[in-house]
$ cat start_10.cif   # mmCIF, C-alpha atoms and all ligand atoms
data_query
#
loop_
_atom_site.label_atom_id
_atom_site.label_comp_id
_atom_site.auth_asym_id
_atom_site.auth_seq_id
_atom_site.Cartn_x
_atom_site.Cartn_y
_atom_site.Cartn_z
CA MET A 14 2.98 -65.85 -127.25
CA GLU A 15 5.83 -64.39 -125.21
CA TRP A 16 8.10 -61.80 -126.77
CA THR A 17 11.39 -60.70 -125.19
CA LEU A 18 12.50 -57.06 -125.31
CA LEU A 19 15.99 -56.94 -126.84
CA GLU A 20 16.50 -53.15 -126.94
CA SER A 21 14.77 -49.82 -127.21
CA ARG A 22 15.84 -46.56 -128.81
CA LYS A 23 14.58 -42.99 -128.68
CA GLU A 24 13.01 -41.64 -131.91
CA THR A 25 11.67 -38.29 -130.64
CA ASN A 26 11.06 -36.76 -127.19
CA THR A 27 7.81 -38.75 -126.92
CA THR A 28 8.50 -41.77 -129.12
CA LYS A 29 10.54 -44.93 -128.69
CA THR A 30 11.12 -47.98 -130.91
CA LEU A 31 11.19 -51.33 -129.09
CA LEU A 32 12.86 -54.36 -130.67
CA PHE A 33 11.40 -57.72 -129.61
CA LYS A 34 12.31 -61.34 -130.20
CA PRO A 35 9.15 -63.50 -130.36
CA LYS A 36 9.49 -67.01 -128.89
CA THR A 37 8.96 -68.52 -132.35
CA LYS A 38 9.05 -66.87 -135.78
CA ILE A 39 5.88 -64.96 -136.64
CA ASP A 40 4.55 -64.31 -140.15
CA PHE A 41 2.74 -61.04 -140.67
CA GLU A 42 1.91 -58.67 -143.51
CA PRO A 43 3.46 -55.19 -143.62
CA GLY A 44 0.92 -52.80 -142.06
CA GLN A 45 -0.57 -55.27 -139.55
CA TYR A 46 -0.67 -54.83 -135.77
CA PHE A 47 -0.26 -56.90 -132.59
CA VAL A 48 -2.00 -56.66 -129.22
CA PHE A 49 0.30 -56.35 -126.18
CA HIS A 50 -1.05 -57.65 -122.84
CA ASP A 51 0.47 -56.91 -119.43
CA LEU A 52 -0.23 -55.97 -115.83
CA VAL A 53 -0.05 -52.19 -115.39
CA ASP A 54 -0.20 -51.06 -111.74
CA GLY A 55 -1.47 -54.55 -110.90
CA ILE A 56 -4.35 -54.44 -113.39
CA GLU A 57 -4.43 -56.49 -116.59
CA ASP A 58 -4.55 -54.29 -119.65
CA CYS A 59 -3.80 -54.40 -123.37
CA ARG A 60 -3.31 -52.08 -126.37
CA ALA A 61 -2.73 -52.47 -130.11
CA TYR A 62 0.61 -51.56 -131.73
CA SER A 63 1.52 -51.83 -135.40
CA ALA A 64 4.80 -53.40 -136.43
CA SER A 65 7.15 -50.64 -137.56
CA SER A 66 9.59 -53.17 -138.99
CA PRO A 67 8.99 -55.20 -142.15
CA PRO A 68 8.37 -58.97 -142.09
CA THR A 69 11.66 -59.30 -143.97
CA GLN A 70 13.52 -58.38 -140.73
CA GLU A 71 14.51 -61.12 -138.22
CA HIS A 72 13.01 -59.54 -135.09
CA ILE A 73 9.94 -57.31 -134.73
CA GLU A 74 9.92 -53.61 -133.85
CA ILE A 75 7.06 -51.51 -132.59
CA THR A 76 7.20 -47.74 -132.23
CA VAL A 77 5.30 -46.30 -129.30
CA ARG A 78 4.37 -42.66 -128.85
CA LEU A 79 3.27 -41.27 -125.50
CA THR A 80 -0.16 -39.67 -125.68
CA ASN A 81 -1.20 -36.63 -123.62
CA THR A 82 -2.43 -38.98 -120.88
CA PRO A 83 -0.06 -41.91 -121.32
CA HIS A 84 -0.85 -45.18 -119.60
CA PHE A 85 0.03 -48.39 -121.47
CA SER A 86 2.32 -46.45 -123.83
CA LYS A 87 4.36 -45.22 -120.81
CA HIS A 88 4.45 -48.74 -119.36
CA LEU A 89 5.88 -50.12 -122.63
CA GLN A 90 8.43 -47.32 -122.98
CA GLU A 91 9.74 -48.06 -119.46
CA LEU A 92 10.14 -51.84 -119.85
CA PRO A 93 13.66 -53.06 -119.04
CA LYS A 94 15.75 -55.05 -121.51
CA GLY A 95 15.04 -58.79 -121.29
CA TYR A 96 11.41 -58.25 -120.16
CA MET A 97 8.99 -60.89 -121.45
CA ILE A 98 5.52 -59.75 -122.50
CA GLU A 99 2.42 -61.52 -123.82
CA VAL A 100 1.59 -60.55 -127.42
CA LYS A 101 -1.27 -61.71 -129.66
CA GLY A 102 -1.61 -61.32 -133.40
CA PRO A 103 -0.99 -60.37 -136.10
CA TYR A 104 -4.31 -58.68 -136.79
CA GLY A 105 -5.79 -56.32 -139.35
CA ASP A 106 -6.60 -55.85 -143.01
CA PHE A 107 -4.48 -52.73 -143.30
CA ALA A 108 -1.67 -54.39 -145.22
CA LEU A 109 0.24 -54.22 -148.46
CA ARG A 110 -0.72 -57.13 -150.66
CA GLY A 111 0.65 -57.89 -154.12
CA THR A 112 2.90 -55.51 -156.02
CA PRO A 113 1.14 -52.24 -156.88
CA GLU A 114 2.88 -50.05 -159.45
CA GLU A 115 2.67 -47.05 -157.13
CA ILE A 116 1.64 -46.50 -153.48
CA VAL A 117 0.80 -43.25 -151.76
CA LEU A 118 1.28 -43.40 -147.98
CA ILE A 119 -0.55 -40.69 -146.04
CA SER A 120 0.21 -40.28 -142.34
CA ALA A 121 -0.12 -37.93 -139.42
CA GLY A 122 1.83 -38.28 -136.16
CA SER A 123 2.38 -41.89 -135.10
CA GLY A 124 0.42 -43.05 -138.17
CA ILE A 125 3.82 -43.30 -139.86
CA VAL A 126 4.48 -46.54 -137.89
CA PRO A 127 2.78 -49.20 -140.10
CA LEU A 128 3.67 -47.17 -143.21
CA ARG A 129 7.35 -47.57 -142.33
CA SER A 130 6.82 -51.35 -142.25
CA ILE A 131 5.23 -51.18 -145.71
CA MET A 132 7.99 -48.94 -147.07
CA ARG A 133 10.84 -51.06 -145.71
CA TYR A 134 9.17 -54.22 -147.00
CA VAL A 135 8.95 -52.79 -150.54
CA LEU A 136 12.60 -51.70 -150.42
CA ASP A 137 13.96 -54.89 -148.75
CA SER A 138 12.09 -57.06 -151.26
CA ALA A 139 13.24 -54.84 -154.16
CA LEU A 140 9.65 -54.57 -155.42
CA PRO A 141 9.26 -52.25 -158.44
CA THR A 142 6.64 -50.23 -156.50
CA LYS A 143 7.05 -46.44 -156.49
CA ILE A 144 6.62 -45.01 -152.96
CA ILE A 145 5.20 -41.55 -152.30
CA LEU A 146 4.98 -40.54 -148.61
CA LEU A 147 2.94 -37.57 -147.39
CA TYR A 148 3.58 -36.99 -143.69
CA SER A 149 1.96 -34.36 -141.51
CA ALA A 150 3.73 -33.59 -138.21
CA LYS A 151 3.40 -30.77 -135.67
CA THR A 152 7.08 -29.75 -135.73
CA SER A 153 10.28 -30.99 -137.39
CA GLU A 154 11.40 -32.36 -133.99
CA SER A 155 8.29 -34.54 -133.79
CA ILE A 156 8.89 -36.29 -137.14
CA ILE A 157 9.30 -39.97 -136.29
CA PHE A 158 12.08 -41.73 -138.29
CA ARG A 159 13.20 -38.29 -139.52
CA ASN A 160 16.81 -39.22 -140.42
CA GLU A 161 15.79 -42.49 -142.03
CA LEU A 162 13.07 -40.84 -144.15
CA ASN A 163 15.36 -38.00 -145.25
CA LYS A 164 18.06 -40.52 -146.24
CA LEU A 165 15.58 -42.61 -148.27
CA ALA A 166 14.38 -39.44 -150.00
CA GLN A 167 17.94 -38.27 -150.74
CA GLU A 168 18.71 -41.68 -152.25
CA SER A 169 15.53 -41.31 -154.39
CA LYS A 170 14.10 -44.51 -152.89
CA ILE A 171 10.96 -42.67 -151.82
CA GLN A 172 9.32 -39.39 -152.73
CA LEU A 173 8.79 -37.53 -149.44
CA LEU A 174 6.60 -34.51 -148.69
CA VAL A 175 6.47 -33.42 -145.05
CA THR A 176 4.02 -30.75 -143.99
CA LEU A 177 4.28 -29.06 -140.58
CA THR A 178 1.25 -27.79 -138.70
CA GLN A 179 2.98 -25.82 -135.90
CA GLU A 180 6.21 -24.65 -137.51
CA LYS A 181 7.40 -23.08 -140.75
CA GLY A 182 8.63 -25.56 -143.37
CA ALA A 183 8.64 -26.37 -147.10
CA TYR A 184 4.96 -27.24 -146.70
CA GLU A 185 2.67 -26.00 -143.95
CA GLY A 186 -0.73 -27.05 -142.59
CA ARG A 187 -2.61 -30.29 -142.97
CA ILE A 188 -2.47 -32.62 -145.96
CA ASN A 189 -4.94 -31.34 -148.57
CA ALA A 190 -5.97 -31.97 -152.18
CA ASP A 191 -3.32 -29.54 -153.53
CA LEU A 192 -0.51 -31.42 -151.77
CA ILE A 193 -1.79 -34.77 -153.04
CA LYS A 194 -2.03 -33.45 -156.62
CA LYS A 195 1.45 -31.94 -156.33
CA ALA A 196 2.92 -35.30 -155.27
CA VAL A 197 0.98 -37.66 -157.54
CA ASN A 198 0.88 -37.32 -161.36
CA ASP A 199 -2.22 -39.44 -161.90
CA VAL A 200 -4.30 -39.85 -158.72
CA GLN A 201 -6.24 -42.74 -160.30
CA LYS A 202 -3.09 -44.89 -160.59
CA PRO A 203 -1.79 -45.61 -157.06
CA GLU A 204 -3.07 -47.54 -154.09
CA PHE A 205 -3.48 -45.28 -151.05
CA PHE A 206 -2.64 -46.20 -147.44
CA ILE A 207 -3.84 -43.74 -144.78
CA CYS A 208 -2.94 -43.99 -141.09
CA GLY A 209 -3.28 -41.55 -138.20
CA PRO A 210 -5.78 -40.30 -135.64
CA PRO A 211 -9.38 -41.32 -136.54
CA LEU A 212 -10.47 -37.76 -137.43
CA MET A 213 -7.53 -37.32 -139.80
CA VAL A 214 -8.31 -40.68 -141.44
CA LYS A 215 -11.96 -39.66 -141.85
CA SER A 216 -11.07 -36.36 -143.52
CA MET A 217 -8.53 -38.03 -145.85
CA LEU A 218 -11.10 -40.64 -146.92
CA ALA A 219 -13.52 -37.82 -147.76
CA LEU A 220 -10.79 -35.98 -149.67
CA LEU A 221 -9.85 -39.01 -151.77
CA ALA A 222 -13.55 -39.65 -152.49
CA GLN A 223 -13.87 -36.03 -153.68
CA LEU A 224 -10.90 -36.61 -156.00
CA GLY A 225 -12.89 -39.50 -157.53
CA ILE A 226 -10.56 -42.24 -156.29
CA ASN A 227 -12.09 -45.72 -156.23
CA SER A 228 -12.53 -46.75 -152.58
CA LYS A 229 -11.19 -50.22 -153.45
CA LYS A 230 -7.79 -48.58 -153.92
CA VAL A 231 -7.85 -46.94 -150.50
CA HIS A 232 -6.76 -48.67 -147.26
CA SER A 233 -7.00 -46.97 -143.87
CA GLU A 234 -6.28 -47.48 -140.18
CA GLY A 235 -7.21 -45.17 -137.30
CA PHE A 236 -5.16 -45.29 -134.09
CA ALA A 237 -8.10 -44.97 -131.67
C1 LIG B 301 -4.79 -50.82 -134.88
C2 LIG B 301 -4.05 -49.88 -133.96
C3 LIG B 301 -2.69 -49.74 -134.11
C4 LIG B 301 -1.98 -48.87 -133.26
N1 LIG B 301 -0.63 -48.72 -133.46
C5 LIG B 301 0.04 -47.85 -132.68
C6 LIG B 301 1.44 -47.64 -132.90
O1 LIG B 301 2.06 -48.23 -133.80
N2 LIG B 301 2.07 -46.74 -132.09
C7 LIG B 301 1.42 -46.05 -131.11
O2 LIG B 301 2.05 -45.24 -130.40
N3 LIG B 301 0.10 -46.23 -130.88
C8 LIG B 301 -0.59 -47.12 -131.62
N4 LIG B 301 -1.93 -47.31 -131.39
C9 LIG B 301 -2.55 -46.66 -130.21
C10 LIG B 301 -2.32 -47.55 -128.96
O3 LIG B 301 -3.07 -48.75 -129.08
C11 LIG B 301 -2.78 -46.86 -127.66
O4 LIG B 301 -4.10 -46.41 -127.83
C12 LIG B 301 -1.88 -45.68 -127.29
O5 LIG B 301 -0.55 -46.15 -127.00
C13 LIG B 301 -2.42 -44.96 -126.03
O6 LIG B 301 -2.52 -45.87 -124.98
P1 LIG B 301 -2.33 -45.36 -123.49
O7 LIG B 301 -2.79 -46.46 -122.59
O8 LIG B 301 -0.96 -44.84 -123.27
O9 LIG B 301 -3.31 -44.12 -123.38
P2 LIG B 301 -4.89 -44.14 -123.25
O10 LIG B 301 -5.19 -43.77 -121.86
O11 LIG B 301 -5.49 -45.39 -123.81
O12 LIG B 301 -5.25 -42.98 -124.28
C14 LIG B 301 -4.96 -41.63 -124.04
C15 LIG B 301 -5.65 -40.73 -125.04
O13 LIG B 301 -4.88 -40.67 -126.27
C16 LIG B 301 -5.71 -40.99 -127.42
N5 LIG B 301 -4.82 -41.75 -128.32
C17 LIG B 301 -4.68 -43.08 -128.37
N6 LIG B 301 -3.73 -43.42 -129.27
C18 LIG B 301 -3.26 -42.29 -129.81
C19 LIG B 301 -2.28 -41.98 -130.79
N7 LIG B 301 -1.56 -42.96 -131.38
N8 LIG B 301 -2.05 -40.68 -131.09
C20 LIG B 301 -2.75 -39.71 -130.48
N9 LIG B 301 -3.70 -39.92 -129.54
C21 LIG B 301 -3.96 -41.20 -129.21
C22 LIG B 301 -6.85 -41.78 -126.88
O14 LIG B 301 -8.01 -41.59 -127.70
C23 LIG B 301 -7.03 -41.18 -125.48
O15 LIG B 301 -7.85 -40.02 -125.53
C24 LIG B 301 -2.66 -48.16 -132.24
C25 LIG B 301 -4.03 -48.33 -132.09
C26 LIG B 301 -4.72 -49.17 -132.92
C27 LIG B 301 -6.21 -49.33 -132.73
#

$ encode --input "start_10.cif" --output "structure tokens"
Amino acid sequence: MEWTLLESRKETNTTKTLLFKPKTKIDFEPGQYFVFHDLVDGIEDCRAYSASSPPTQEHIEITVRLTNTPHFSKHLQELPKGYMIEVKGPYGDFALRGTPEEIVLISAGSGIVPLRSIMRYVLDSALPTKIILLYSAKTSESIIFRNELNKLAQESKIQLLVTLTQEKGAYEGRINADLIKKAVNDVQKPEFFICGPPLMVKSMLALLAQLGINSKKVHSEGFA
């Protein structure tokens, strides 16, 4: 289906959010992704991007971060307003279903993207679900949705713990068992949603298994 780019906005030096209007309304679950198809330098190509907006919003946003060797991500970030692009989906089992009492969202880098969709969906729908977000970023400047997340935390709508790996901050280093135990009273209670680079996802899955958390309560997505 064709989607039209309505606008784009800068999130960080390497990240942009793109707002699209699909030709007809699309139902998706918060956390799911779409596959964008286009010609890049005359060659057909495609990549997966999670919705960063919730299904409760009229149009759909994706949030694209440039990698070290950007190709499709650069192409998307440079699209002009009004551009029409072929998109397929939604896809994926990484999605919030039902109304858990508590969710713990664990992200590194651009892994925050589908978690923002989940968070905004819970808040827009006024679900009674408690949201705890653990977010690992390199520096404070590289925190995607920084102002929005800080505002939600100040308004006590989410519990936010950011840990920085290349800068001093309230918390430093990667997400570990201590940080999880600090944020969550009873680790057996919540559903966990992990998203980030595949190696980070793998290490978080191992960590949660070590904490004795039932794998049925753990959902994960690697941005490979
Ligand atoms: C299910 C799914 C959902 C995704 N959602 C998003 C999203 O919401 N936002 C987003 O920016 N990307 C997302 N990605 C990654 C995206 O599909 C592309 O892989 C990414 O934009 C790089 O494409 P490229 O053509 O620019 O670079 P490529 O030439 O394809 O890749 C460059 C290098 O960067 C690595 N890489 C790929 N993606 C990332 C990443 N996100 N962070 C760090 N390194 C990476 C690759 O392994 C490769 O070594 C998602 C991937 C999957 C599988």

$ closest_atom_pairs --input "start_10.cif" --of "segment 28-82 of chain A" --to "segment 89-92 of chain A" --cutoff "8 Å" --atoms "only C-alpha atoms" --output "CSV"
residue,atom,partner,partner_atom,distance
A:Lys29,CA,A:Gln90,CA,6.5
A:Leu31,CA,A:Gln90,CA,7.8
A:Val77,CA,A:Gln90,CA,7.1

$ write_last_selection --input "start_10.cif" --atoms "C-alpha atoms" --output "PDB file, in the frame of the given file"
ATOM      1  CA  LYS A  29      10.540 -44.930-128.690  1.00  0.00           C
ATOM      2  CA  LEU A  31      11.190 -51.330-129.090  1.00  0.00           C
ATOM      3  CA  VAL A  77       5.300 -46.300-129.300  1.00  0.00           C
TER       4      VAL A  77
END

$ atom_distance --input "start_10.cif" --atom1 "atom C25 of ligand LIG 301 (chain B)" --atom2 "atom CA of Ile125 of chain A"
12.1 Å

$ residues_near_ligand --input "start_10.cif" --ligand "ligand LIG 301 (chain B)" --cutoff "6 Å" --atoms "only C-alpha atoms and all ligand atoms" --output "number ranges by chain"
A: 46, 60-63, 76-80, 82-87, 123, 126, 210, 236-237

$ write_last_selection --input "start_10.cif" --atoms "C-alpha atoms" --output "mmCIF file, keeping the file's coordinate frame"
data_model
loop_
_atom_site.group_PDB
_atom_site.id
_atom_site.type_symbol
_atom_site.label_atom_id
_atom_site.label_comp_id
_atom_site.auth_asym_id
_atom_site.auth_seq_id
_atom_site.Cartn_x
_atom_site.Cartn_y
_atom_site.Cartn_z
ATOM 1 C CA TYR A 46 -0.670 -54.830 -135.770
ATOM 2 C CA ARG A 60 -3.310 -52.080 -126.370
ATOM 3 C CA ALA A 61 -2.730 -52.470 -130.110
ATOM 4 C CA TYR A 62 0.610 -51.560 -131.730
ATOM 5 C CA SER A 63 1.520 -51.830 -135.400
ATOM 6 C CA THR A 76 7.200 -47.740 -132.230
ATOM 7 C CA VAL A 77 5.300 -46.300 -129.300
ATOM 8 C CA ARG A 78 4.370 -42.660 -128.850
ATOM 9 C CA LEU A 79 3.270 -41.270 -125.500
ATOM 10 C CA THR A 80 -0.160 -39.670 -125.680
ATOM 11 C CA THR A 82 -2.430 -38.980 -120.880
ATOM 12 C CA PRO A 83 -0.060 -41.910 -121.320
ATOM 13 C CA HIS A 84 -0.850 -45.180 -119.600
ATOM 14 C CA PHE A 85 0.030 -48.390 -121.470
ATOM 15 C CA SER A 86 2.320 -46.450 -123.830
ATOM 16 C CA LYS A 87 4.360 -45.220 -120.810
ATOM 17 C CA SER A 123 2.380 -41.890 -135.100
ATOM 18 C CA VAL A 126 4.480 -46.540 -137.890
ATOM 19 C CA PRO A 210 -5.780 -40.300 -135.640
ATOM 20 C CA PHE A 236 -5.160 -45.290 -134.090
ATOM 21 C CA ALA A 237 -8.100 -44.970 -131.670
#

$ closest_residue --input "start_10.cif" --among "A:Ala183, A:Leu177, A:Leu19, A:Ile207" --to "Ile75 of chain A" --atoms "all atoms listed in the file"
A:Leu19

$ atom_distance --input "start_10.cif" --atom1 "atom CA of Glu204 of chain A" --atom2 "atom CA of Ile145 of chain A"
10.4 Å

$ residues_around --input "start_10.cif" --residues "Lys202 of chain A" --least-positions-apart "2" --cutoff "10 Å" --atoms "only C-alpha atoms" --output "PyMOL selection string"
chain A and resi 113-117+197-200+204-205+226+230

$ closest_residue --input "start_10.cif" --among "A:Thr176, A:Glu168, A:Ala121, A:Lys194" --to "Ser216 of chain A" --atoms "all atoms listed in the file"
A:Ala121

$ closest_residue --input "start_10.cif" --among "A:Leu32, A:Met217, A:Met14, A:Leu109" --to "Ser66 of chain A" --atoms "all atoms listed in the file"
A:Leu32

$ residues_around --input "start_10.cif" --residues "segment 154-167 of chain A" --least-positions-apart "6" --cutoff "8 Å" --atoms "only C-alpha atoms" --output "PDB file with C-alpha atoms, in the frame of the given file"
ATOM      1  CA  GLU A  24      13.010 -41.640-131.910  1.00  0.00           C
ATOM      2  CA  THR A  25      11.670 -38.290-130.640  1.00  0.00           C
ATOM      3  CA  ASN A  26      11.060 -36.760-127.190  1.00  0.00           C
ATOM      4  CA  THR A  28       8.500 -41.770-129.120  1.00  0.00           C
ATOM      5  CA  GLY A 122       1.830 -38.280-136.160  1.00  0.00           C
ATOM      6  CA  SER A 123       2.380 -41.890-135.100  1.00  0.00           C
ATOM      7  CA  ILE A 125       3.820 -43.300-139.860  1.00  0.00           C
ATOM      8  CA  LEU A 173       8.790 -37.530-149.440  1.00  0.00           C
TER       9      LEU A 173
END

$ residues_near_point --input "start_10.cif" --point "(-8.5, -28.5, -153.9)" --cutoff "10 Å" --atoms "all atoms listed in the file" --output "PyMOL selection string"
chain A and resi 189-194+220+223-224

$ residues_around --input "start_10.cif" --residues "Val53 of chain A" --least-positions-apart "4" --cutoff "7 Å" --atoms "only C-alpha atoms" --output "list in words"
Glu57, Asp58 and His88 of chain A

$ residues_around --input "start_10.cif" --residues "Ser65 of chain A" --least-positions-apart "5" --cutoff "9 Å" --atoms "only C-alpha atoms" --output "list in words"
Thr30, Pro43, Gly44, Ile73, Glu74, Ile75, Thr76, Ile125, Val126, Pro127, Leu128, Arg129, Ser130, Ile131 and Arg133 of chain A

$ write_last_selection --input "start_10.cif" --atoms "C-alpha atoms" --output "CSV table (one decimal), in the coordinates of the input"
chain,number,residue,atom,x,y,z
A,30,THR,CA,11.1,-48.0,-130.9
A,43,PRO,CA,3.5,-55.2,-143.6
A,44,GLY,CA,0.9,-52.8,-142.1
A,73,ILE,CA,9.9,-57.3,-134.7
A,74,GLU,CA,9.9,-53.6,-133.8
A,75,ILE,CA,7.1,-51.5,-132.6
A,76,THR,CA,7.2,-47.7,-132.2
A,125,ILE,CA,3.8,-43.3,-139.9
A,126,VAL,CA,4.5,-46.5,-137.9
A,127,PRO,CA,2.8,-49.2,-140.1
A,128,LEU,CA,3.7,-47.2,-143.2
A,129,ARG,CA,7.4,-47.6,-142.3
A,130,SER,CA,6.8,-51.4,-142.2
A,131,ILE,CA,5.2,-51.2,-145.7
A,133,ARG,CA,10.8,-51.1,-145.7

$ closest_residue --input "start_10.cif" --among "A:Gly209, A:Gly105, A:Gly95, A:Pro35" --to "His72 of chain A" --atoms "all atoms listed in the file"
A:Pro35

$ residues_around --input "start_10.cif" --residues "Phe206 of chain A" --least-positions-apart "4" --cutoff "6 Å" --atoms "all atoms listed in the file" --output "ChimeraX atom specification"
/A:118,232-233

$ atom_distance --input "start_10.cif" --atom1 "atom CA of Ala139 of chain A" --atom2 "atom CA of Asp40 of chain A"
19.0 Å

$ closest_residue --input "start_10.cif" --among "A:Pro103, A:Pro93, A:Gly55, A:Gly124" --to "Pro68 of chain A" --atoms "all atoms listed in the file"
A:Pro103

$ build_atoms --input "start_10.cif" --residues "segment 222-234 of chain A" --atoms "N, CA and C atoms" --output "compact mmCIF listing (two decimals), in the frame of the given file"
# COMPACT_ATOMS: atom_id res chain seq x y z
N ALA A 222 -12.26 -39.41 -151.82
CA ALA A 222 -13.55 -39.65 -152.49
C ALA A 222 -13.88 -38.45 -153.39
N GLN A 223 -13.62 -37.25 -152.88
CA GLN A 223 -13.87 -36.03 -153.68
C GLN A 223 -13.01 -36.00 -154.94
N LEU A 224 -11.80 -36.58 -154.84
CA LEU A 224 -10.90 -36.61 -156.00
C LEU A 224 -11.30 -37.73 -156.97
N GLY A 225 -12.36 -38.47 -156.63
CA GLY A 225 -12.89 -39.50 -157.53
C GLY A 225 -12.10 -40.79 -157.48
N ILE A 226 -11.38 -41.02 -156.38
CA ILE A 226 -10.56 -42.24 -156.29
C ILE A 226 -11.43 -43.40 -155.82
N ASN A 227 -11.32 -44.51 -156.53
CA ASN A 227 -12.09 -45.72 -156.23
C ASN A 227 -11.75 -46.20 -154.81
N SER A 228 -12.78 -46.38 -153.98
CA SER A 228 -12.53 -46.75 -152.58
C SER A 228 -11.82 -48.10 -152.45
N LYS A 229 -11.90 -48.93 -153.50
CA LYS A 229 -11.19 -50.22 -153.45
C LYS A 229 -9.67 -50.03 -153.45
N LYS A 230 -9.24 -48.84 -153.89
CA LYS A 230 -7.79 -48.58 -153.92
C LYS A 230 -7.31 -47.84 -152.68
N VAL A 231 -8.20 -47.71 -151.70
CA VAL A 231 -7.85 -46.94 -150.50
C VAL A 231 -7.92 -47.84 -149.26
N HIS A 232 -6.83 -47.89 -148.50
CA HIS A 232 -6.76 -48.67 -147.26
C HIS A 232 -6.54 -47.69 -146.12
N SER A 233 -7.19 -47.93 -144.97
CA SER A 233 -7.00 -46.97 -143.87
C SER A 233 -7.01 -47.65 -142.51
N GLU A 234 -6.33 -47.00 -141.57
CA GLU A 234 -6.28 -47.48 -140.18
C GLU A 234 -6.26 -46.26 -139.25
